[in-house]
$ cat input-v2.cif   # mmCIF, C-alpha atoms
data_entry
loop_
_atom_site.group_PDB
_atom_site.id
_atom_site.type_symbol
_atom_site.label_atom_id
_atom_site.label_comp_id
_atom_site.auth_asym_id
_atom_site.auth_seq_id
_atom_site.Cartn_x
_atom_site.Cartn_y
_atom_site.Cartn_z
ATOM 1 C CA MET A 1 13.612 -89.331 -8.317
ATOM 2 C CA LYS A 2 10.134 -88.951 -6.948
ATOM 3 C CA MET A 3 7.358 -90.253 -9.197
ATOM 4 C CA ILE A 4 4.705 -87.669 -9.990
ATOM 5 C CA GLU A 5 1.237 -88.872 -9.117
ATOM 6 C CA PRO A 6 -1.335 -88.447 -11.901
ATOM 7 C CA THR A 7 -4.034 -85.879 -11.349
ATOM 8 C CA ARG A 8 -7.633 -86.956 -10.918
ATOM 9 C CA ASP A 9 -8.465 -85.764 -14.468
ATOM 10 C CA GLU A 10 -5.474 -87.589 -15.966
ATOM 11 C CA LYS A 11 -6.446 -90.790 -14.157
ATOM 12 C CA ALA A 12 -10.041 -90.471 -15.376
ATOM 13 C CA ALA A 13 -8.857 -89.920 -18.956
ATOM 14 C CA TYR A 14 -6.547 -92.955 -18.760
ATOM 15 C CA ASP A 15 -9.330 -95.161 -17.409
ATOM 16 C CA THR A 16 -11.682 -93.991 -20.155
ATOM 17 C CA ILE A 17 -9.154 -94.733 -22.905
ATOM 18 C CA SER A 18 -8.289 -98.124 -21.400
ATOM 19 C CA ASP A 19 -11.957 -99.034 -21.155
ATOM 20 C CA LYS A 20 -12.550 -98.113 -24.791
ATOM 21 C CA LYS A 21 -9.460 -100.001 -25.906
ATOM 22 C CA ASP A 22 -10.725 -103.144 -24.220
ATOM 23 C CA LYS A 23 -13.965 -102.820 -26.175
ATOM 24 C CA PHE A 24 -12.222 -102.588 -29.553
ATOM 25 C CA GLY A 25 -12.623 -105.740 -31.596
ATOM 26 C CA THR A 26 -9.896 -107.860 -33.127
ATOM 27 C CA PHE A 27 -9.699 -108.092 -36.892
ATOM 28 C CA HIS A 28 -10.182 -111.555 -38.356
ATOM 29 C CA LYS A 29 -9.256 -112.638 -41.869
ATOM 30 C CA VAL A 30 -12.430 -113.744 -43.635
ATOM 31 C CA CYS A 31 -13.177 -115.453 -46.930
ATOM 32 C CA PHE A 32 -16.794 -115.380 -48.109
ATOM 33 C CA HIS A 33 -18.384 -117.450 -50.842
ATOM 34 C CA ILE A 34 -16.100 -120.386 -51.591
ATOM 35 C CA HIS A 35 -16.939 -123.666 -53.271
ATOM 36 C CA THR A 36 -15.848 -127.139 -52.243
ATOM 37 C CA PRO A 37 -15.676 -130.458 -54.148
ATOM 38 C CA GLU A 38 -19.391 -130.751 -53.356
ATOM 39 C CA SER A 39 -20.171 -128.149 -56.054
ATOM 40 C CA TYR A 40 -20.956 -129.671 -59.443
ATOM 41 C CA ASP A 41 -18.392 -127.414 -61.183
ATOM 42 C CA TYR A 42 -15.486 -127.655 -58.722
ATOM 43 C CA LYS A 43 -12.103 -127.972 -60.458
ATOM 44 C CA LEU A 44 -9.409 -128.050 -57.693
ATOM 45 C CA PHE A 45 -6.890 -125.899 -59.600
ATOM 46 C CA SER A 46 -7.599 -122.655 -61.440
ATOM 47 C CA GLN A 47 -6.052 -123.894 -64.705
ATOM 48 C CA TRP A 48 -8.088 -127.082 -64.671
ATOM 49 C CA LEU A 49 -11.535 -127.688 -66.081
ATOM 50 C CA HIS A 50 -14.061 -129.545 -63.975
ATOM 51 C CA SER A 51 -13.692 -132.503 -66.357
ATOM 52 C CA HIS A 52 -9.983 -132.634 -65.532
ATOM 53 C CA TYR A 53 -10.759 -132.911 -61.848
ATOM 54 C CA VAL A 54 -13.342 -135.641 -62.515
ATOM 55 C CA LYS A 55 -10.773 -137.717 -64.410
ATOM 56 C CA THR A 56 -8.080 -137.329 -61.747
ATOM 57 C CA SER A 57 -7.521 -140.458 -59.652
ATOM 58 C CA GLU A 58 -7.319 -140.752 -55.871
ATOM 59 C CA GLN A 59 -3.633 -141.657 -56.267
ATOM 60 C CA ASP A 60 -3.064 -138.389 -58.150
ATOM 61 C CA ILE A 61 -4.732 -136.385 -55.381
ATOM 62 C CA TYR A 62 -2.754 -138.262 -52.734
ATOM 63 C CA ASN A 63 0.475 -137.506 -54.607
ATOM 64 C CA LEU A 64 -0.441 -133.807 -54.625
ATOM 65 C CA CYS A 65 -0.902 -133.915 -50.854
ATOM 66 C CA ARG A 66 2.501 -135.541 -50.445
ATOM 67 C CA GLU A 67 4.177 -133.061 -52.823
ATOM 68 C CA LYS A 68 2.803 -130.185 -50.760
ATOM 69 C CA GLU A 69 4.004 -131.968 -47.588
ATOM 70 C CA ILE A 70 0.524 -131.805 -46.126
ATOM 71 C CA LEU A 71 0.485 -135.404 -44.944
ATOM 72 C CA PRO A 72 3.217 -137.323 -43.076
ATOM 73 C CA GLU A 73 4.884 -140.251 -44.863
ATOM 74 C CA ALA A 74 3.206 -142.700 -42.502
ATOM 75 C CA PHE A 75 -0.182 -141.480 -43.736
ATOM 76 C CA THR A 76 -0.480 -143.746 -46.777
ATOM 77 C CA LEU A 77 -3.367 -144.099 -49.192
ATOM 78 C CA ASP A 78 -4.027 -147.617 -47.900
ATOM 79 C CA SER A 79 -4.100 -146.399 -44.292
ATOM 80 C CA ILE A 80 -7.070 -144.094 -44.959
ATOM 81 C CA GLN A 81 -10.233 -145.668 -43.621
ATOM 82 C CA LEU A 82 -13.448 -143.777 -44.304
ATOM 83 C CA GLU A 83 -15.096 -144.773 -41.054
ATOM 84 C CA ASN A 84 -16.728 -142.917 -38.173
ATOM 85 C CA VAL A 85 -16.348 -139.151 -38.747
ATOM 86 C CA LEU A 86 -14.754 -139.799 -42.159
ATOM 87 C CA SER A 87 -17.803 -141.722 -43.374
ATOM 88 C CA CYS A 88 -19.199 -138.408 -44.683
ATOM 89 C CA TYR A 89 -16.881 -138.671 -47.712
ATOM 90 C CA ARG A 90 -17.879 -140.609 -50.812
ATOM 91 C CA ASP A 91 -14.366 -141.904 -51.424
ATOM 92 C CA LYS A 92 -10.686 -141.249 -50.678
ATOM 93 C CA LYS A 93 -10.345 -138.874 -53.603
ATOM 94 C CA GLU A 94 -13.007 -136.610 -52.150
ATOM 95 C CA PHE A 95 -11.493 -136.785 -48.658
ATOM 96 C CA LEU A 96 -8.028 -135.845 -49.955
ATOM 97 C CA SER A 97 -9.505 -133.039 -52.071
ATOM 98 C CA TYR A 98 -11.004 -131.557 -48.903
ATOM 99 C CA ILE A 99 -7.635 -131.997 -47.168
ATOM 100 C CA LEU A 100 -6.028 -129.887 -49.915
ATOM 101 C CA LEU A 101 -8.724 -127.238 -49.488
ATOM 102 C CA ALA A 102 -8.421 -127.241 -45.694
ATOM 103 C CA ASP A 103 -4.637 -126.854 -45.892
ATOM 104 C CA THR A 104 -4.974 -123.922 -48.283
ATOM 105 C CA ILE A 105 -7.370 -122.130 -45.933
ATOM 106 C CA MET A 106 -5.220 -122.658 -42.843
ATOM 107 C CA THR A 107 -1.912 -121.932 -44.595
ATOM 108 C CA ASN A 108 -3.355 -118.580 -45.659
ATOM 109 C CA GLU A 109 -4.428 -117.997 -42.043
ATOM 110 C CA ILE A 110 -8.084 -117.498 -42.935
ATOM 111 C CA GLU A 111 -10.004 -117.537 -39.668
ATOM 112 C CA ILE A 112 -13.585 -117.526 -40.957
ATOM 113 C CA VAL A 113 -14.731 -119.134 -44.189
ATOM 114 C CA LEU A 114 -18.222 -119.105 -45.670
ATOM 115 C CA VAL A 115 -18.929 -122.234 -47.716
ATOM 116 C CA THR A 116 -21.500 -121.600 -50.450
ATOM 117 C CA ASP A 117 -21.754 -124.614 -52.720
ATOM 118 C CA HIS A 118 -24.289 -124.619 -55.528
ATOM 119 C CA HIS A 119 -27.652 -125.809 -54.187
ATOM 120 C CA THR A 120 -26.226 -128.049 -51.468
ATOM 121 C CA ILE A 121 -24.945 -127.650 -47.914
ATOM 122 C CA ASP A 122 -23.211 -131.040 -47.637
ATOM 123 C CA GLY A 123 -19.752 -129.557 -48.197
ATOM 124 C CA VAL A 124 -19.848 -127.594 -44.938
ATOM 125 C CA ASN A 125 -19.474 -130.618 -42.663
ATOM 126 C CA LYS A 126 -16.930 -132.200 -45.009
ATOM 127 C CA LEU A 127 -14.694 -129.137 -44.883
ATOM 128 C CA SER A 128 -15.058 -128.825 -41.091
ATOM 129 C CA THR A 129 -14.095 -132.488 -40.716
ATOM 130 C CA ALA A 130 -11.061 -132.089 -42.983
ATOM 131 C CA ILE A 131 -9.900 -129.029 -41.031
ATOM 132 C CA ASN A 132 -10.159 -130.953 -37.769
ATOM 133 C CA GLU A 133 -8.370 -134.033 -39.141
ATOM 134 C CA LEU A 134 -5.542 -131.972 -40.607
ATOM 135 C CA HIS A 135 -5.180 -129.673 -37.608
ATOM 136 C CA GLU A 136 -4.506 -132.703 -35.418
ATOM 137 C CA ARG A 137 -1.618 -133.781 -37.657
ATOM 138 C CA LYS A 138 0.019 -130.484 -38.571
ATOM 139 C CA SER A 139 0.708 -127.182 -36.842
ATOM 140 C CA TYR A 140 -1.216 -124.122 -38.065
ATOM 141 C CA LYS A 141 -1.617 -120.641 -36.613
ATOM 142 C CA VAL A 142 -5.401 -120.646 -37.015
ATOM 143 C CA TYR A 143 -8.339 -123.002 -36.595
ATOM 144 C CA PRO A 144 -10.941 -121.668 -39.038
ATOM 145 C CA GLU A 145 -14.624 -121.280 -38.262
ATOM 146 C CA VAL A 146 -16.656 -122.736 -41.124
ATOM 147 C CA LEU A 147 -19.951 -120.941 -41.698
ATOM 148 C CA LEU A 148 -22.975 -122.720 -43.121
ATOM 149 C CA GLY A 149 -23.930 -121.165 -46.437
ATOM 150 C CA ILE A 150 -25.329 -121.883 -49.868
ATOM 151 C CA GLU A 151 -25.466 -120.277 -53.312
ATOM 152 C CA ILE A 152 -28.750 -120.433 -55.204
ATOM 153 C CA SER A 153 -29.217 -119.605 -58.879
ATOM 154 C CA CYS A 154 -32.575 -117.882 -59.250
ATOM 155 C CA ALA A 155 -35.138 -117.539 -62.027
ATOM 156 C CA ASP A 156 -34.172 -113.876 -62.560
ATOM 157 C CA LYS A 157 -30.545 -114.933 -63.225
ATOM 158 C CA ASN A 158 -29.274 -113.537 -59.932
ATOM 159 C CA HIS A 159 -27.247 -115.639 -57.535
ATOM 160 C CA VAL A 160 -28.322 -115.442 -53.903
ATOM 161 C CA VAL A 161 -26.087 -116.445 -51.013
ATOM 162 C CA GLY A 162 -27.602 -117.545 -47.717
ATOM 163 C CA ILE A 163 -25.756 -117.651 -44.383
ATOM 164 C CA PHE A 164 -27.259 -119.707 -41.583
ATOM 165 C CA GLU A 165 -26.837 -120.898 -38.029
ATOM 166 C CA ASN A 166 -25.368 -124.405 -38.181
ATOM 167 C CA ASP A 167 -28.311 -125.994 -36.415
ATOM 168 C CA GLN A 168 -29.993 -129.322 -37.205
ATOM 169 C CA GLU A 169 -33.468 -127.783 -37.430
ATOM 170 C CA VAL A 170 -32.202 -125.091 -39.821
ATOM 171 C CA ILE A 171 -30.396 -127.707 -41.923
ATOM 172 C CA LYS A 172 -33.609 -129.728 -42.124
ATOM 173 C CA LYS A 173 -35.557 -126.695 -43.379
ATOM 174 C CA ILE A 174 -32.926 -125.834 -45.987
ATOM 175 C CA LYS A 175 -32.867 -129.369 -47.368
ATOM 176 C CA GLN A 176 -36.664 -129.485 -47.500
ATOM 177 C CA TRP A 177 -36.771 -126.166 -49.390
ATOM 178 C CA LEU A 178 -34.152 -127.408 -51.874
ATOM 179 C CA GLU A 179 -36.099 -130.603 -52.457
ATOM 180 C CA GLU A 180 -39.293 -128.668 -53.160
ATOM 181 C CA ASN A 181 -37.889 -125.728 -55.148
ATOM 182 C CA LEU A 182 -34.907 -126.874 -57.229
ATOM 183 C CA LEU A 183 -35.248 -127.750 -60.899
ATOM 184 C CA SER A 184 -31.852 -129.466 -60.701
ATOM 185 C CA VAL A 185 -28.514 -129.028 -58.969
ATOM 186 C CA GLU A 186 -27.124 -127.398 -62.107
ATOM 187 C CA GLU A 187 -30.113 -125.208 -63.042
ATOM 188 C CA GLY A 188 -31.120 -123.904 -59.636
ATOM 189 C CA THR A 189 -34.598 -122.749 -58.650
ATOM 190 C CA TYR A 190 -37.600 -121.432 -60.556
ATOM 191 C CA GLU A 191 -38.153 -118.891 -57.767
ATOM 192 C CA THR A 192 -37.047 -115.243 -58.011
ATOM 193 C CA SER A 193 -34.311 -113.651 -55.906
ATOM 194 C CA ILE A 194 -36.971 -111.931 -53.795
ATOM 195 C CA LYS A 195 -38.643 -115.243 -52.927
ATOM 196 C CA VAL A 196 -35.296 -116.870 -52.105
ATOM 197 C CA LEU A 197 -34.250 -113.955 -49.883
ATOM 198 C CA GLU A 198 -37.609 -114.124 -48.111
ATOM 199 C CA PHE A 199 -37.116 -117.838 -47.432
ATOM 200 C CA ILE A 200 -33.640 -117.248 -46.038
ATOM 201 C CA LYS A 201 -34.991 -114.532 -43.745
ATOM 202 C CA SER A 202 -37.866 -116.773 -42.625
ATOM 203 C CA ILE A 203 -35.422 -119.212 -40.997
ATOM 204 C CA ASN A 204 -33.329 -116.401 -39.471
ATOM 205 C CA GLY A 205 -30.622 -116.551 -42.109
ATOM 206 C CA ILE A 206 -28.790 -113.685 -43.772
ATOM 207 C CA GLY A 207 -29.196 -113.416 -47.526
ATOM 208 C CA TYR A 208 -27.440 -111.291 -50.103
ATOM 209 C CA LEU A 209 -27.064 -110.916 -53.868
ATOM 210 C CA ALA A 210 -23.716 -112.400 -54.847
ATOM 211 C CA HIS A 211 -21.077 -110.845 -57.166
ATOM 212 C CA LEU A 212 -23.569 -108.162 -58.173
ATOM 213 C CA ASP A 213 -20.956 -106.326 -60.248
ATOM 214 C CA THR A 214 -20.982 -109.206 -62.759
ATOM 215 C CA SER A 215 -24.773 -109.527 -62.845
ATOM 216 C CA ASN A 216 -27.026 -108.621 -65.761
ATOM 217 C CA ILE A 217 -29.265 -106.739 -63.353
ATOM 218 C CA PHE A 218 -27.750 -103.433 -64.465
ATOM 219 C CA LYS A 219 -28.840 -103.905 -68.054
ATOM 220 C CA LYS A 220 -31.977 -102.009 -69.060
ATOM 221 C CA GLU A 221 -33.662 -105.120 -70.396
ATOM 222 C CA PHE A 222 -33.268 -106.946 -67.080
ATOM 223 C CA SER A 223 -36.709 -107.026 -65.426
ATOM 224 C CA SER A 224 -38.742 -103.925 -64.629
ATOM 225 C CA GLY A 225 -37.900 -100.887 -62.552
ATOM 226 C CA ALA A 226 -40.637 -101.868 -60.118
ATOM 227 C CA TYR A 227 -39.068 -105.292 -59.596
ATOM 228 C CA LYS A 228 -35.635 -103.769 -58.993
ATOM 229 C CA LYS A 229 -37.106 -101.280 -56.546
ATOM 230 C CA LYS A 230 -38.674 -104.112 -54.558
ATOM 231 C CA LEU A 231 -35.529 -106.254 -54.770
ATOM 232 C CA PHE A 232 -33.260 -103.466 -53.504
ATOM 233 C CA SER A 233 -35.658 -102.296 -50.786
ATOM 234 C CA LYS A 234 -34.370 -102.433 -47.219
ATOM 235 C CA GLU A 235 -37.163 -104.869 -46.342
ATOM 236 C CA VAL A 236 -35.774 -107.410 -48.807
ATOM 237 C CA LEU A 237 -32.051 -106.707 -49.050
ATOM 238 C CA GLN A 238 -29.472 -105.434 -46.567
ATOM 239 C CA ILE A 239 -26.238 -106.764 -48.098
ATOM 240 C CA ILE A 240 -24.722 -107.201 -51.548
ATOM 241 C CA GLY A 241 -21.599 -109.062 -52.578
ATOM 242 C CA LEU A 242 -19.059 -107.724 -55.063
ATOM 243 C CA SER A 243 -16.217 -109.553 -56.772
ATOM 244 C CA ASP A 244 -14.284 -106.335 -57.481
ATOM 245 C CA TYR A 245 -13.656 -104.000 -54.542
ATOM 246 C CA ASN A 246 -12.940 -101.106 -56.917
ATOM 247 C CA LYS A 247 -16.530 -101.107 -58.157
ATOM 248 C CA ILE A 248 -18.079 -100.235 -54.801
ATOM 249 C CA GLY A 249 -18.612 -96.572 -55.723
ATOM 250 C CA SER A 250 -20.304 -97.186 -59.060
ATOM 251 C CA ILE A 251 -22.507 -99.988 -57.700
ATOM 252 C CA LYS A 252 -23.669 -97.857 -54.776
ATOM 253 C CA GLU A 253 -24.509 -95.027 -57.152
ATOM 254 C CA TYR A 254 -26.605 -97.384 -59.268
ATOM 255 C CA ILE A 255 -28.486 -98.759 -56.271
ATOM 256 C CA LYS A 256 -29.389 -95.200 -55.209
ATOM 257 C CA HIS A 257 -31.868 -95.184 -58.095
ATOM 258 C CA PHE A 258 -33.905 -97.781 -56.201
ATOM 259 C CA ARG A 259 -33.346 -97.086 -52.491
ATOM 260 C CA ALA A 260 -32.434 -94.083 -50.384
ATOM 261 C CA GLU A 261 -30.672 -96.007 -47.644
ATOM 262 C CA ASP A 262 -27.047 -97.096 -47.843
ATOM 263 C CA ILE A 263 -26.341 -100.804 -48.289
ATOM 264 C CA ASN A 264 -23.739 -103.078 -46.718
ATOM 265 C CA ILE A 265 -21.132 -104.743 -48.916
ATOM 266 C CA VAL A 266 -19.031 -107.898 -48.616
ATOM 267 C CA LEU A 267 -16.289 -109.106 -50.942
ATOM 268 C CA ASP A 268 -17.185 -112.297 -52.795
ATOM 269 C CA ASN A 269 -14.362 -114.759 -53.379
ATOM 270 C CA ASP A 270 -16.287 -117.340 -55.431
ATOM 271 C CA ALA A 271 -13.276 -119.680 -55.627
ATOM 272 C CA HIS A 272 -13.891 -123.050 -57.268
ATOM 273 C CA ASP A 273 -10.293 -124.118 -56.676
ATOM 274 C CA ILE A 274 -7.493 -123.873 -54.131
ATOM 275 C CA ASP A 275 -5.390 -121.421 -56.179
ATOM 276 C CA THR A 276 -7.682 -118.399 -55.811
ATOM 277 C CA ILE A 277 -8.755 -118.816 -52.176
ATOM 278 C CA SER A 278 -6.411 -116.060 -51.000
ATOM 279 C CA ASP A 279 -7.154 -113.636 -53.871
ATOM 280 C CA LYS A 280 -10.219 -111.980 -52.342
ATOM 281 C CA VAL A 281 -10.406 -111.798 -48.575
ATOM 282 C CA PHE A 282 -11.520 -109.112 -46.148
ATOM 283 C CA TRP A 283 -11.322 -108.432 -42.425
ATOM 284 C CA VAL A 284 -14.085 -108.171 -39.853
ATOM 285 C CA LYS A 285 -14.047 -107.245 -36.173
#
$ encode --input "input-v2.cif" --output "structure tokens"
Amino acid sequence: MKMIEPTRDEKAAYDTISDKKDKFGTFHKVCFHIHTPESYDYKLFSQWLHSHYVKTSEQDIYNLCREKEILPEAFTLDSIQLENVLSCYRDKKEFLSYILLADTIMTNEIEIVLVTDHHTIDGVNKLSTAINELHERKSYKVYPEVLLGIEISCADKNHVVGIFENDQEVIKKIKQWLEENLLSVEEGTYETSIKVLEFIKSINGIGYLAHLDTSNIFKKEFSSGAYKKKLFSKEVLQIIGLSDYNKIGSIKEYIKHFRAEDINIVLDNDAHDIDTISDKVFWVK
């Protein structure tokens, strides 16, 4: 049988489609706004209180790693030496806690994770190190990218998340700002959300209001209309985070009272444990 040659128009159409297909992005599983053992209220498991995690011994955490078959039998508690790259961990309990977190992320095939501990960025490197250490010992389908982030509790009761380039100069500026503007690690800053968002923008970061659907900002007694109008203006805010995807419509309708432009939305995970890491994820190209 003789093959029919494509017409010039058919060939042009095929080339156009192929070219567009090559430009389509690939979807990546993303988890925004997670906490690590560096957060003052981290609890490891959803049914635990933070006090339970504090009282748990390094042997207990090691046993959990063995029960989940995360570590080989030859990897004993005594064999762990917190030297060189592992010197970032305070103790073996903390190291193994990060190993549990890293395994959870990779087992769930999360490719990008945004770490947003309360008022500290030290957990970012610790999680990256744990991922690398574990990936060398066990086979996973993904090697997650860990994004540098932080969650800041503000004077107006909002929580602001910042996302930054993982650069030494940026890290230096963040730490300096925290030193000058935090009341305490638990209380947060005396600055308003607007001021915090402006700082984030000043060092080329991306800032957004976290889990806005659980905020008191929608109550009439929360600040003035003028303040809300400034806060939601496109000059100050381009993104909001929601903990419940189903509330997107109602939240957007509310924000329309203060800005005409549409606003971008991300899904906030806000996990303080390894059990809920996979509960709220989204996909980006």
$ closest_residue --input "input-v2.cif" --among "A:Val170, A:Ala226, A:Leu148, A:Cys31" --to "A:Asn204" --atoms "all atoms listed in the file"
A:Val170
$ atom_distance --input "input-v2.cif" --atom1 "atom CA of A:Phe232" --atom2 "atom CA of A:Gly149"
21.2 Å
$ resolve_selection --input "input-v2.cif" --expression "the PyMOL selection byres ((chain A and resi 153) around 8)" --output "PDB file with C-alpha atoms, in the coordinates of the input"
ATOM      1  CA  HIS A 118     -24.289-124.619 -55.528  1.00  0.00           C
ATOM      2  CA  HIS A 119     -27.652-125.809 -54.187  1.00  0.00           C
ATOM      3  CA  GLU A 151     -25.466-120.277 -53.312  1.00  0.00           C
ATOM      4  CA  ILE A 152     -28.750-120.433 -55.204  1.00  0.00           C
ATOM      5  CA  CYS A 154     -32.575-117.882 -59.250  1.00  0.00           C
ATOM      6  CA  ALA A 155     -35.138-117.539 -62.027  1.00  0.00           C
ATOM      7  CA  LYS A 157     -30.545-114.933 -63.225  1.00  0.00           C
ATOM      8  CA  ASN A 158     -29.274-113.537 -59.932  1.00  0.00           C
ATOM      9  CA  HIS A 159     -27.247-115.639 -57.535  1.00  0.00           C
ATOM     10  CA  VAL A 160     -28.322-115.442 -53.903  1.00  0.00           C
ATOM     11  CA  GLU A 187     -30.113-125.208 -63.042  1.00  0.00           C
ATOM     12  CA  GLY A 188     -31.120-123.904 -59.636  1.00  0.00           C
ATOM     13  CA  THR A 189     -34.598-122.749 -58.650  1.00  0.00           C
TER      14      THR A 189
END
$ resolve_selection --input "input-v2.cif" --expression "the PyMOL selection byres ((chain A and resi 103) around 9)" --output "ChimeraX atom specification"
/A:70,98-102,104-108,130-131,134-135,140
$ residues_around --input "input-v2.cif" --residues "stretch 269-283 of chain A" --least-positions-apart "5" --cutoff "6 Å" --atoms "all atoms listed in the file" --output "ChimeraX atom specification"
/A:27-35,42-46,101
$ resolve_selection --input "input-v2.cif" --expression "the PyMOL selection byres ((chain A and resi 285) around 6)" --output "PDB file with C-alpha atoms, keeping the file's coordinate frame"
ATOM      1  CA  GLY A  25     -12.623-105.740 -31.596  1.00  0.00           C
ATOM      2  CA  THR A  26      -9.896-107.860 -33.127  1.00  0.00           C
ATOM      3  CA  PHE A  27      -9.699-108.092 -36.892  1.00  0.00           C
ATOM      4  CA  VAL A 284     -14.085-108.171 -39.853  1.00  0.00           C
TER       5      VAL A 284
END
$ closest_residue --input "input-v2.cif" --among "A:Gln168, A:Ser193, A:Ser128, A:Thr120" --to "A:Leu147" --atoms "all atoms listed in the file"
A:Ser128
$ closest_residue --input "input-v2.cif" --among "A:Asn84, A:Ser233, A:Pro37, A:Arg137" --to "A:Glu69" --atoms "all atoms listed in the file"
A:Arg137
$ atom_distance --input "input-v2.cif" --atom1 "atom CA of A:Glu58" --atom2 "atom CA of A:Asn132"
20.8 Å
$ atom_distance --input "input-v2.cif" --atom1 "atom CA of A:Ile61" --atom2 "atom CA of A:Glu133"
16.8 Å
$ residues_around --input "input-v2.cif" --residues "A:Lys256" --least-positions-apart "3" --cutoff "12 Å" --atoms "only C-alpha atoms" --output "list of chain:residue names"
A:Lys228, A:Lys229, A:Phe232, A:Ser233, A:Lys234, A:Gly249, A:Ser250, A:Ile251, A:Lys252, A:Glu253, A:Arg259, A:Ala260, A:Glu261, A:Asp262, A:Ile263
